[in-house]
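Data block below; observations after.
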Amino acid sequence: MAETKDAIKKISLVCSKGSLDGIYPALIMANGARMEGIEVSIFFTFFGMDAITKKKMNKIKIATVGNPGMGMPTWLGAIPGMSAMATWMMGKTMDKLDIPPIPEFIEMIHDAGGKLYACKATVDMFGLTMDDFCPQVEKVLTVGDFYELSAGAEIIFT
Amino acid sequence: MGQKEIAGKTVSVNEEGYLTIHEEWNKEIAAAIAVEEGIGELKEGHWKVIEFLQKEFKENGTVPSLRRVTKAGGVPTKDLYAFFPGGPLKKSSKIAGLLKPASCV
């Protein structure tokens with residue numbers, strides 16, 4: 001894109017939802033921003049934090065129950081293994097499109113210079129420490145810290 | 001679409017400065033675009049990326065994703081951003097005389 005006065009220079013993303021379909025939009029937007037030379041921070045909060053939690057980041061699935069976008073009746077989505085199968089199928093398609101699995105995506109965004117933060121309120125609520133997070137996480141931030149480091153940024157909530 | 005003189009040669013470019021006829025590309029043009037894009041002198045690391053993009057483009061008709069440059073091209077993400085600050089895939093594609101990348105990753 002041509003350089004204009006209005007070009008976006010900095011964004012801060014809030015990733016608040018767990019599950020595959022909750023987390024991917026934030027990661028794709030963050031990575032895409034870095035590819036455009038835009039400065040990026042992601043603030044992970046509530047179940048969005050699963051994306052950076054070591055024990056969970058490898059096991060994130062698509063929600064097949066209570067997800068109207070899936071077009072799947074609740075009874076069908078609730079069958080054991082349905083969520084895993086939908087995740088597996090989507091994973092295959094995404095791999096073809098070169099959209100990486102969540103742990104690789106986190107590493108990619110970090111290596112691209114994106115900054116990853118965990119939300120203090122959620123950390124306290126779930127009784128987590130920095131040891132629970134993948135090494136790419138910069139630090140735990142309060143909401144105030146987040147706004148402070150977002151000075152001059154567009155804030156995007158996902 | 002228009003014409004532009006780059007490194008002493010008149011070439012066809014689109015409104016964003018990407019070469020529209022890849023056959024018009026040469027290494028001098030690459031060097032000139034690199035300076036224009038703020039990349040400076042092209043070194044071995046840059047050429048590895050440029051050559052991989054051109055090989056992929058020849059084989060598939062599209063610019064590969066950045067992830068593919070990392071995985072199949074063997075250039076780590078960190079290096080890509082260090083070589084082409086401010087737009088690793090966009091800038092390297094432009095220097096390589098290819099179309100603007102059309103993928104989101």
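Chain labels A, B, ... are given in the sequence in which chains occur in the structure tokens; within each chain residues are numbered consecutively from 1, and ligands are likewise numbered from 1 in the order shown.
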
Residues of chain B near chain A: apply a cut-off of 6 Å, count only C-alpha atoms, and supply the list as number ranges by chain. B: 77-78, 86-87

Could you write out that same residue set with N, CA and C atoms as a short mmCIF file (atom, residue, chain, number, x, y, z; two decimals), in the first residue's frame?
data_model
loop_
_atom_site.label_atom_id
_atom_site.label_comp_id
_atom_site.auth_asym_id
_atom_site.auth_seq_id
_atom_site.Cartn_x
_atom_site.Cartn_y
_atom_site.Cartn_z
N THR B 77 11.64 -16.58 10.35
CA THR B 77 10.78 -15.39 10.42
C THR B 77 11.59 -14.15 10.84
N LYS B 78 12.41 -14.31 11.88
CA LYS B 78 13.19 -13.17 12.38
C LYS B 78 14.08 -12.57 11.29
N GLY B 86 9.59 -3.54 7.71
CA GLY B 86 8.43 -2.77 7.28
C GLY B 86 7.55 -3.48 6.27
N GLY B 87 7.83 -4.73 5.97
CA GLY B 87 6.97 -5.47 5.04
C GLY B 87 7.73 -6.57 4.34
#

Selection: 9 Å around Lys139 in chain A, only C-alpha atoms, excl. self and same-chain fewer than 6 positions, as a list in words
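Skipping anything fewer than 6 positions along the chain leaves Leu116, Tyr117, Ala118, Cys119 and Met130 of chain A.
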
Filtering to all heavy atoms, could you give me those residues as an mmCIF file, in the first residue's frame?
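Dumped everything to again_28.cif:
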data_model
loop_
_atom_site.group_PDB
_atom_site.id
_atom_site.type_symbol
_atom_site.label_atom_id
_atom_site.label_comp_id
_atom_site.auth_asym_id
_atom_site.auth_seq_id
_atom_site.Cartn_x
_atom_site.Cartn_y
_atom_site.Cartn_z
ATOM 1 N N LEU A 116 3.441 -9.962 23.071
ATOM 2 C CA LEU A 116 2.329 -10.704 23.657
ATOM 3 C C LEU A 116 2.259 -10.477 25.167
ATOM 4 O O LEU A 116 3.272 -10.597 25.858
ATOM 5 C CB LEU A 116 2.502 -12.202 23.365
ATOM 6 C CG LEU A 116 2.831 -12.583 21.915
ATOM 7 C CD1 LEU A 116 3.067 -14.084 21.796
ATOM 8 C CD2 LEU A 116 1.712 -12.161 20.976
ATOM 9 N N TYR A 117 1.070 -10.164 25.639
ATOM 10 C CA TYR A 117 0.889 -9.883 27.065
ATOM 11 C C TYR A 117 -0.286 -10.670 27.634
ATOM 12 O O TYR A 117 -1.252 -10.951 26.939
ATOM 13 C CB TYR A 117 0.627 -8.386 27.277
ATOM 14 C CG TYR A 117 1.728 -7.499 26.768
ATOM 15 C CD1 TYR A 117 1.597 -6.836 25.552
ATOM 16 C CD2 TYR A 117 2.913 -7.335 27.489
ATOM 17 C CE1 TYR A 117 2.611 -6.022 25.062
ATOM 18 C CE2 TYR A 117 3.937 -6.518 27.008
ATOM 19 C CZ TYR A 117 3.777 -5.869 25.799
ATOM 20 O OH TYR A 117 4.780 -5.070 25.312
ATOM 21 N N ALA A 118 -0.183 -10.990 28.924
ATOM 22 C CA ALA A 118 -1.284 -11.658 29.622
ATOM 23 C C ALA A 118 -1.958 -10.655 30.551
ATOM 24 O O ALA A 118 -1.318 -9.741 31.069
ATOM 25 C CB ALA A 118 -0.735 -12.831 30.418
ATOM 26 N N CYS A 119 -3.240 -10.837 30.733
ATOM 27 C CA CYS A 119 -4.041 -9.909 31.543
ATOM 28 C C CYS A 119 -3.941 -10.256 33.020
ATOM 29 O O CYS A 119 -4.174 -11.385 33.430
ATOM 30 C CB CYS A 119 -5.489 -9.993 31.062
ATOM 31 S SG CYS A 119 -6.732 -9.543 32.265
ATOM 32 N N MET A 130 3.809 -16.596 35.472
ATOM 33 C CA MET A 130 4.518 -16.520 34.188
ATOM 34 C C MET A 130 4.955 -17.909 33.721
ATOM 35 O O MET A 130 5.077 -18.161 32.525
ATOM 36 C CB MET A 130 5.735 -15.591 34.298
ATOM 37 C CG MET A 130 5.469 -14.121 33.990
ATOM 38 S SD MET A 130 4.741 -13.801 32.363
ATOM 39 C CE MET A 130 6.205 -13.667 31.341
#

Item checked: Residue neighbourhood Ala86 in chain A, 12 Å, only C-alpha atoms, exclusion window fewer than 3 positions, as a PyMOL selection string -> chain A and resi 20-21+60-65+70+72+76-83+89-93

Let's have the selection written as a compact mmCIF listing (two decimals), in the first residue's frame, with all heavy atoms.
# COMPACT_ATOMS: atom_id res chain seq x y z
N LEU A 20 -10.92 -22.29 19.07
CA LEU A 20 -10.18 -22.00 17.84
C LEU A 20 -10.72 -20.77 17.11
O LEU A 20 -9.98 -19.88 16.71
CB LEU A 20 -10.29 -23.23 16.93
CG LEU A 20 -9.22 -23.40 15.89
CD1 LEU A 20 -7.94 -23.84 16.56
CD2 LEU A 20 -9.65 -24.44 14.88
N ASP A 21 -12.04 -20.74 16.96
CA ASP A 21 -12.66 -19.65 16.22
C ASP A 21 -12.64 -18.35 17.00
O ASP A 21 -12.84 -17.27 16.44
CB ASP A 21 -14.09 -20.02 15.79
CG ASP A 21 -14.87 -20.71 16.89
OD1 ASP A 21 -14.26 -21.50 17.64
OD2 ASP A 21 -16.08 -20.49 17.00
N ILE A 60 -6.42 -26.55 21.61
CA ILE A 60 -7.57 -25.67 21.39
C ILE A 60 -8.44 -26.17 20.24
O ILE A 60 -7.96 -26.47 19.15
CB ILE A 60 -7.08 -24.22 21.16
CG1 ILE A 60 -6.46 -23.72 22.47
CG2 ILE A 60 -8.21 -23.33 20.70
CD1 ILE A 60 -5.59 -22.52 22.33
N LYS A 61 -9.72 -26.28 20.53
CA LYS A 61 -10.66 -26.84 19.55
C LYS A 61 -11.71 -25.83 19.14
O LYS A 61 -11.97 -24.86 19.83
CB LYS A 61 -11.33 -28.07 20.15
CG LYS A 61 -10.33 -29.19 20.38
CD LYS A 61 -11.01 -30.49 20.69
CE LYS A 61 -10.01 -31.62 20.73
NZ LYS A 61 -8.82 -31.32 21.55
N ILE A 62 -12.32 -26.15 18.03
CA ILE A 62 -13.43 -25.31 17.58
C ILE A 62 -14.68 -25.69 18.39
O ILE A 62 -14.88 -26.87 18.69
CB ILE A 62 -13.64 -25.47 16.06
CG1 ILE A 62 -14.67 -24.47 15.55
CG2 ILE A 62 -14.04 -26.88 15.66
CD1 ILE A 62 -14.57 -24.24 14.07
N ALA A 63 -15.48 -24.70 18.74
CA ALA A 63 -16.69 -24.97 19.52
C ALA A 63 -17.79 -25.46 18.59
O ALA A 63 -18.18 -24.75 17.66
CB ALA A 63 -17.13 -23.70 20.25
N THR A 64 -18.26 -26.69 18.80
CA THR A 64 -19.33 -27.20 17.94
C THR A 64 -20.68 -27.10 18.63
O THR A 64 -21.71 -27.38 18.05
CB THR A 64 -19.07 -28.67 17.55
OG1 THR A 64 -18.71 -29.41 18.70
CG2 THR A 64 -17.98 -28.79 16.52
N VAL A 65 -20.67 -26.69 19.91
CA VAL A 65 -21.93 -26.49 20.62
C VAL A 65 -22.05 -25.00 20.92
O VAL A 65 -21.07 -24.36 21.30
CB VAL A 65 -21.95 -27.30 21.94
CG1 VAL A 65 -23.19 -26.96 22.75
CG2 VAL A 65 -21.91 -28.79 21.64
N MET A 70 -21.47 -22.49 12.94
CA MET A 70 -21.14 -23.82 12.46
C MET A 70 -22.28 -24.44 11.66
O MET A 70 -22.08 -25.36 10.89
CB MET A 70 -20.83 -24.77 13.63
CG MET A 70 -19.47 -24.59 14.25
SD MET A 70 -18.14 -25.07 13.14
CE MET A 70 -18.26 -26.85 13.19
N MET A 72 -24.52 -26.29 12.83
CA MET A 72 -24.64 -27.68 13.30
C MET A 72 -25.63 -27.72 14.46
O MET A 72 -25.51 -26.94 15.40
CB MET A 72 -23.25 -28.15 13.76
CG MET A 72 -23.16 -29.61 14.09
SD MET A 72 -21.51 -30.03 14.67
CE MET A 72 -20.64 -30.29 13.14
N LEU A 76 -25.99 -32.60 17.67
CA LEU A 76 -24.94 -33.20 16.84
C LEU A 76 -23.57 -32.73 17.31
O LEU A 76 -22.62 -33.52 17.45
CB LEU A 76 -25.17 -32.81 15.38
CG LEU A 76 -24.23 -33.41 14.34
CD1 LEU A 76 -24.34 -34.93 14.33
CD2 LEU A 76 -24.56 -32.87 12.95
N GLY A 77 -23.48 -31.44 17.61
CA GLY A 77 -22.22 -30.87 18.07
C GLY A 77 -21.77 -31.45 19.40
O GLY A 77 -20.58 -31.46 19.72
N ALA A 78 -22.76 -31.96 20.16
CA ALA A 78 -22.45 -32.46 21.51
C ALA A 78 -21.95 -33.90 21.49
O ALA A 78 -21.47 -34.42 22.50
CB ALA A 78 -23.69 -32.36 22.39
N ILE A 79 -22.04 -34.58 20.36
CA ILE A 79 -21.56 -35.97 20.27
C ILE A 79 -20.07 -36.00 20.59
O ILE A 79 -19.31 -35.20 20.06
CB ILE A 79 -21.83 -36.55 18.85
CG1 ILE A 79 -23.34 -36.70 18.63
CG2 ILE A 79 -21.12 -37.89 18.64
CD1 ILE A 79 -23.72 -37.14 17.24
N PRO A 80 -19.64 -36.93 21.46
CA PRO A 80 -18.22 -36.97 21.81
C PRO A 80 -17.34 -37.09 20.55
O PRO A 80 -17.65 -37.87 19.65
CB PRO A 80 -18.09 -38.23 22.67
CG PRO A 80 -19.46 -38.45 23.23
CD PRO A 80 -20.41 -37.95 22.18
N GLY A 81 -16.31 -36.30 20.51
CA GLY A 81 -15.39 -36.37 19.37
C GLY A 81 -15.75 -35.42 18.24
O GLY A 81 -14.95 -35.21 17.32
N MET A 82 -16.94 -34.84 18.29
CA MET A 82 -17.37 -33.97 17.19
C MET A 82 -16.49 -32.71 17.08
O MET A 82 -16.06 -32.32 15.99
CB MET A 82 -18.84 -33.56 17.39
CG MET A 82 -19.45 -32.87 16.20
SD MET A 82 -19.28 -33.80 14.65
CE MET A 82 -20.58 -35.01 14.85
N SER A 83 -16.20 -32.13 18.25
CA SER A 83 -15.38 -30.93 18.28
C SER A 83 -13.97 -31.24 17.77
O SER A 83 -13.39 -30.48 16.99
CB SER A 83 -15.34 -30.40 19.71
OG SER A 83 -14.54 -29.28 19.80
N MET A 89 -10.54 -31.32 10.77
CA MET A 89 -10.88 -31.00 9.38
C MET A 89 -10.48 -29.56 9.03
O MET A 89 -9.91 -29.29 7.98
CB MET A 89 -12.37 -31.20 9.12
CG MET A 89 -12.73 -32.67 8.92
SD MET A 89 -14.50 -32.99 9.03
CE MET A 89 -15.12 -31.98 7.71
N MET A 90 -10.78 -28.66 9.94
CA MET A 90 -10.45 -27.27 9.69
C MET A 90 -8.92 -27.09 9.66
O MET A 90 -8.39 -26.32 8.85
CB MET A 90 -11.06 -26.38 10.77
CG MET A 90 -11.05 -24.91 10.40
SD MET A 90 -11.95 -23.92 11.57
CE MET A 90 -13.58 -23.99 10.91
N GLY A 91 -8.24 -27.82 10.52
CA GLY A 91 -6.78 -27.76 10.59
C GLY A 91 -6.14 -28.13 9.27
O GLY A 91 -5.17 -27.51 8.83
N LYS A 92 -6.70 -29.15 8.63
CA LYS A 92 -6.16 -29.58 7.33
C LYS A 92 -6.29 -28.48 6.29
O LYS A 92 -5.37 -28.20 5.52
CB LYS A 92 -6.92 -30.84 6.84
CG LYS A 92 -6.41 -32.11 7.48
CD LYS A 92 -6.56 -33.32 6.57
CE LYS A 92 -7.97 -33.46 6.00
NZ LYS A 92 -8.18 -34.74 5.33
N THR A 93 -7.47 -27.87 6.27
CA THR A 93 -7.72 -26.79 5.31
C THR A 93 -6.80 -25.61 5.60
O THR A 93 -6.21 -25.03 4.69
CB THR A 93 -9.18 -26.30 5.41
OG1 THR A 93 -10.02 -27.43 5.39
CG2 THR A 93 -9.54 -25.36 4.27

Quiz item: Which value, in Å to one decimal, gives the distance between CA of Ser12 in chain B and CA of Gly97 in chain B?
Solution: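 Atom-to-atom, CA of Ser12 in chain B and CA of Gly97 in chain B are spaced 10.5 Å apart.
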
Test item: residues at most 9 Å from Gly38 in chain B, only C-alpha atoms, excluding those fewer than 4 positions along its chain, as an mmCIF file with N, CA, C and O atoms, in the first residue's frame:
data_model
loop_
_atom_site.group_PDB
_atom_site.id
_atom_site.type_symbol
_atom_site.label_atom_id
_atom_site.label_comp_id
_atom_site.auth_asym_id
_atom_site.auth_seq_id
_atom_site.Cartn_x
_atom_site.Cartn_y
_atom_site.Cartn_z
ATOM 1 N N ILE B 33 15.021 -0.912 -6.849
ATOM 2 C CA ILE B 33 13.772 -0.947 -6.058
ATOM 3 C C ILE B 33 14.111 -1.094 -4.567
ATOM 4 O O ILE B 33 13.474 -0.490 -3.714
ATOM 5 N N ALA B 34 15.129 -1.889 -4.273
ATOM 6 C CA ALA B 34 15.523 -2.095 -2.871
ATOM 7 C C ALA B 34 15.909 -0.774 -2.209
ATOM 8 O O ALA B 34 15.540 -0.509 -1.062
ATOM 9 N N PHE B 84 13.978 -7.396 5.411
ATOM 10 C CA PHE B 84 13.011 -6.510 4.740
ATOM 11 C C PHE B 84 12.121 -5.811 5.767
ATOM 12 O O PHE B 84 10.926 -6.086 5.855
ATOM 13 N N PRO B 85 12.681 -4.920 6.563
ATOM 14 C CA PRO B 85 11.884 -4.268 7.601
ATOM 15 C C PRO B 85 10.706 -3.491 6.997
ATOM 16 O O PRO B 85 10.832 -2.914 5.928
#

Quick check for you: according to DSSP on this backbone, which residues of chain A are classed as strand (DSSP E or B)? Reply as a short mmCIF file (atom, residue, chain, number, x, y, z; two decimals) with all heavy atoms, in the first residue's frame.
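The result, stored in selection-v9.cif:
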data_model
loop_
_atom_site.label_atom_id
_atom_site.label_comp_id
_atom_site.auth_asym_id
_atom_site.auth_seq_id
_atom_site.Cartn_x
_atom_site.Cartn_y
_atom_site.Cartn_z
N LYS A 10 0.21 1.53 14.42
CA LYS A 10 0.29 0.72 15.63
C LYS A 10 -1.09 0.20 16.00
O LYS A 10 -2.06 0.96 15.96
CB LYS A 10 0.83 1.64 16.74
CG LYS A 10 1.07 0.99 18.07
CD LYS A 10 1.72 2.01 19.03
CE LYS A 10 1.79 1.46 20.44
NZ LYS A 10 2.34 2.43 21.40
N ILE A 11 -1.16 -1.09 16.35
CA ILE A 11 -2.44 -1.63 16.83
C ILE A 11 -2.23 -2.42 18.12
O ILE A 11 -1.16 -2.97 18.36
CB ILE A 11 -3.16 -2.53 15.79
CG1 ILE A 11 -2.31 -3.75 15.42
CG2 ILE A 11 -3.57 -1.78 14.56
CD1 ILE A 11 -3.10 -4.85 14.73
N SER A 12 -3.28 -2.46 18.92
CA SER A 12 -3.30 -3.30 20.10
C SER A 12 -4.54 -4.17 20.00
O SER A 12 -5.65 -3.66 19.87
CB SER A 12 -3.40 -2.44 21.36
OG SER A 12 -2.16 -1.88 21.67
N LEU A 13 -4.32 -5.48 20.03
CA LEU A 13 -5.45 -6.39 19.93
C LEU A 13 -5.77 -6.97 21.30
O LEU A 13 -4.86 -7.28 22.07
CB LEU A 13 -5.10 -7.54 18.99
CG LEU A 13 -5.10 -7.20 17.50
CD1 LEU A 13 -4.01 -7.97 16.78
CD2 LEU A 13 -6.45 -7.52 16.89
N VAL A 14 -7.06 -7.09 21.59
CA VAL A 14 -7.47 -7.78 22.81
C VAL A 14 -8.05 -9.11 22.36
O VAL A 14 -9.00 -9.14 21.59
CB VAL A 14 -8.54 -6.97 23.58
CG1 VAL A 14 -8.93 -7.69 24.86
CG2 VAL A 14 -8.03 -5.57 23.89
N CYS A 15 -7.44 -10.21 22.80
CA CYS A 15 -7.94 -11.53 22.44
C CYS A 15 -8.65 -12.09 23.65
O CYS A 15 -8.02 -12.48 24.63
CB CYS A 15 -6.75 -12.42 22.03
SG CYS A 15 -7.23 -14.11 21.62
N GLU A 39 3.20 -1.83 14.07
CA GLU A 39 3.59 -2.27 15.41
C GLU A 39 2.41 -2.97 16.08
O GLU A 39 1.29 -2.48 16.01
CB GLU A 39 3.99 -1.01 16.20
CG GLU A 39 4.81 -1.25 17.43
CD GLU A 39 5.07 0.05 18.20
OE1 GLU A 39 5.33 1.08 17.56
OE2 GLU A 39 4.97 0.01 19.42
N VAL A 40 2.65 -4.12 16.71
CA VAL A 40 1.54 -4.94 17.23
C VAL A 40 1.75 -5.38 18.68
O VAL A 40 2.83 -5.85 19.04
CB VAL A 40 1.38 -6.21 16.37
CG1 VAL A 40 0.35 -7.16 16.98
CG2 VAL A 40 0.98 -5.88 14.94
N SER A 41 0.70 -5.25 19.48
CA SER A 41 0.65 -5.88 20.80
C SER A 41 -0.63 -6.69 20.87
O SER A 41 -1.66 -6.27 20.35
CB SER A 41 0.59 -4.84 21.91
OG SER A 41 1.74 -4.05 21.90
N ILE A 42 -0.55 -7.85 21.52
CA ILE A 42 -1.79 -8.60 21.79
C ILE A 42 -1.91 -8.77 23.30
O ILE A 42 -0.97 -9.19 23.97
CB ILE A 42 -1.85 -10.00 21.14
CG1 ILE A 42 -1.36 -9.98 19.70
CG2 ILE A 42 -3.28 -10.56 21.21
CD1 ILE A 42 -1.39 -11.36 19.03
N PHE A 43 -3.07 -8.43 23.81
CA PHE A 43 -3.39 -8.54 25.22
C PHE A 43 -4.36 -9.71 25.35
O PHE A 43 -5.49 -9.64 24.88
CB PHE A 43 -4.03 -7.21 25.65
CG PHE A 43 -4.30 -7.04 27.11
CD1 PHE A 43 -3.26 -7.01 28.04
CD2 PHE A 43 -5.60 -6.84 27.57
CE1 PHE A 43 -3.52 -6.80 29.39
CE2 PHE A 43 -5.87 -6.63 28.91
CZ PHE A 43 -4.82 -6.60 29.83
N PHE A 44 -3.91 -10.80 25.95
CA PHE A 44 -4.75 -11.99 26.08
C PHE A 44 -5.49 -11.94 27.40
O PHE A 44 -4.87 -11.75 28.46
CB PHE A 44 -3.90 -13.26 26.01
CG PHE A 44 -3.28 -13.49 24.65
CD1 PHE A 44 -2.04 -12.99 24.35
CD2 PHE A 44 -3.97 -14.21 23.67
CE1 PHE A 44 -1.45 -13.18 23.10
CE2 PHE A 44 -3.40 -14.41 22.41
CZ PHE A 44 -2.14 -13.90 22.13
N THR A 53 -1.18 -20.25 27.05
CA THR A 53 -0.99 -21.11 28.23
C THR A 53 -0.42 -22.44 27.76
O THR A 53 -1.04 -23.13 26.96
CB THR A 53 -2.34 -21.30 28.96
OG1 THR A 53 -2.89 -20.01 29.21
CG2 THR A 53 -2.14 -22.03 30.27
N LYS A 115 4.30 -8.13 20.19
CA LYS A 115 4.46 -8.30 21.65
C LYS A 115 3.22 -8.94 22.25
O LYS A 115 2.10 -8.52 21.96
CB LYS A 115 4.70 -6.94 22.30
CG LYS A 115 5.97 -6.23 21.80
CD LYS A 115 7.17 -6.66 22.64
CE LYS A 115 8.39 -5.83 22.37
NZ LYS A 115 8.95 -5.95 21.03
N LEU A 116 3.44 -9.96 23.07
CA LEU A 116 2.33 -10.70 23.66
C LEU A 116 2.26 -10.48 25.17
O LEU A 116 3.27 -10.60 25.86
CB LEU A 116 2.50 -12.20 23.36
CG LEU A 116 2.83 -12.58 21.91
CD1 LEU A 116 3.07 -14.08 21.80
CD2 LEU A 116 1.71 -12.16 20.98
N TYR A 117 1.07 -10.16 25.64
CA TYR A 117 0.89 -9.88 27.06
C TYR A 117 -0.29 -10.67 27.63
O TYR A 117 -1.25 -10.95 26.94
CB TYR A 117 0.63 -8.39 27.28
CG TYR A 117 1.73 -7.50 26.77
CD1 TYR A 117 1.60 -6.84 25.55
CD2 TYR A 117 2.91 -7.33 27.49
CE1 TYR A 117 2.61 -6.02 25.06
CE2 TYR A 117 3.94 -6.52 27.01
CZ TYR A 117 3.78 -5.87 25.80
OH TYR A 117 4.78 -5.07 25.31
N ALA A 118 -0.18 -10.99 28.92
CA ALA A 118 -1.28 -11.66 29.62
C ALA A 118 -1.96 -10.66 30.55
O ALA A 118 -1.32 -9.74 31.07
CB ALA A 118 -0.73 -12.83 30.42
N CYS A 119 -3.24 -10.84 30.73
CA CYS A 119 -4.04 -9.91 31.54
C CYS A 119 -3.94 -10.26 33.02
O CYS A 119 -4.17 -11.38 33.43
CB CYS A 119 -5.49 -9.99 31.06
SG CYS A 119 -6.73 -9.54 32.27
N PHE A 133 2.90 -19.74 31.15
CA PHE A 133 2.81 -19.22 29.78
C PHE A 133 3.99 -19.65 28.92
O PHE A 133 5.07 -19.94 29.41
CB PHE A 133 2.73 -17.69 29.79
CG PHE A 133 1.53 -17.16 30.51
CD1 PHE A 133 1.65 -16.29 31.57
CD2 PHE A 133 0.26 -17.58 30.13
CE1 PHE A 133 0.53 -15.81 32.24
CE2 PHE A 133 -0.87 -17.11 30.80
CZ PHE A 133 -0.73 -16.23 31.86
N VAL A 137 5.65 -14.93 25.77
CA VAL A 137 4.88 -13.90 26.48
C VAL A 137 5.84 -12.93 27.17
O VAL A 137 6.73 -13.35 27.90
CB VAL A 137 3.91 -14.55 27.50
CG1 VAL A 137 3.21 -13.48 28.34
CG2 VAL A 137 2.88 -15.39 26.76
N GLU A 138 5.63 -11.66 26.91
CA GLU A 138 6.50 -10.59 27.42
C GLU A 138 6.33 -10.44 28.93
O GLU A 138 7.28 -10.54 29.68
CB GLU A 138 6.08 -9.29 26.73
CG GLU A 138 7.17 -8.32 26.46
CD GLU A 138 8.03 -8.71 25.26
OE1 GLU A 138 7.60 -9.48 24.37
OE2 GLU A 138 9.15 -8.22 25.23
N LYS A 139 5.09 -10.13 29.34
CA LYS A 139 4.79 -10.01 30.75
C LYS A 139 3.29 -9.93 31.02
O LYS A 139 2.49 -9.89 30.10
CB LYS A 139 5.51 -8.82 31.38
CG LYS A 139 5.22 -7.47 30.75
CD LYS A 139 6.19 -6.47 31.37
CE LYS A 139 5.60 -5.09 31.44
NZ LYS A 139 6.45 -4.12 32.07
N VAL A 140 2.99 -9.88 32.33
CA VAL A 140 1.59 -9.75 32.74
C VAL A 140 1.32 -8.26 32.94
O VAL A 140 2.11 -7.56 33.55
CB VAL A 140 1.36 -10.52 34.06
CG1 VAL A 140 -0.07 -10.34 34.54
CG2 VAL A 140 1.68 -12.01 33.88
N LEU A 141 0.22 -7.82 32.35
CA LEU A 141 -0.10 -6.39 32.40
C LEU A 141 -1.43 -6.12 33.08
O LEU A 141 -2.37 -6.89 32.94
CB LEU A 141 -0.24 -5.83 30.98
CG LEU A 141 0.93 -5.72 30.03
CD1 LEU A 141 0.45 -5.04 28.76
CD2 LEU A 141 2.05 -4.92 30.66
N GLU A 154 -4.43 1.87 17.48
CA GLU A 154 -5.84 1.52 17.30
C GLU A 154 -6.05 0.30 18.19
O GLU A 154 -5.27 -0.65 18.13
CB GLU A 154 -6.11 1.10 15.86
CG GLU A 154 -5.70 2.11 14.81
CD GLU A 154 -6.71 3.24 14.68
OE1 GLU A 154 -7.88 3.03 15.05
OE2 GLU A 154 -6.32 4.31 14.20
N ILE A 155 -7.11 0.29 18.99
CA ILE A 155 -7.38 -0.88 19.84
C ILE A 155 -8.50 -1.71 19.20
O ILE A 155 -9.55 -1.18 18.85
CB ILE A 155 -7.72 -0.47 21.28
CG1 ILE A 155 -6.51 0.23 21.91
CG2 ILE A 155 -8.12 -1.70 22.11
CD1 ILE A 155 -6.73 0.75 23.31
N ILE A 156 -8.22 -2.99 19.03
CA ILE A 156 -9.18 -3.89 18.38
C ILE A 156 -9.54 -5.00 19.34
O ILE A 156 -8.66 -5.69 19.85
CB ILE A 156 -8.58 -4.48 17.08
CG1 ILE A 156 -8.15 -3.35 16.13
CG2 ILE A 156 -9.58 -5.41 16.39
CD1 ILE A 156 -7.25 -3.81 15.00
N PHE A 157 -10.82 -5.17 19.59
CA PHE A 157 -11.28 -6.19 20.54
C PHE A 157 -11.82 -7.40 19.77
O PHE A 157 -12.65 -7.24 18.89
CB PHE A 157 -12.38 -5.58 21.41
CG PHE A 157 -12.77 -6.44 22.57
CD1 PHE A 157 -12.09 -6.34 23.78
CD2 PHE A 157 -13.81 -7.37 22.44
CE1 PHE A 157 -12.45 -7.15 24.84
CE2 PHE A 157 -14.16 -8.18 23.51
CZ PHE A 157 -13.49 -8.08 24.71
#

Using only C-alpha atoms, the residue out of A:Thr87, A:Thr158, A:Ser19, A:Gly144 with shortest distance to Gly66 in chain A is A:Ser19

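Between CA of Lys17 in chain A and CA of Asp50 in chain A the interatomic distance comes to 8.7 Å.
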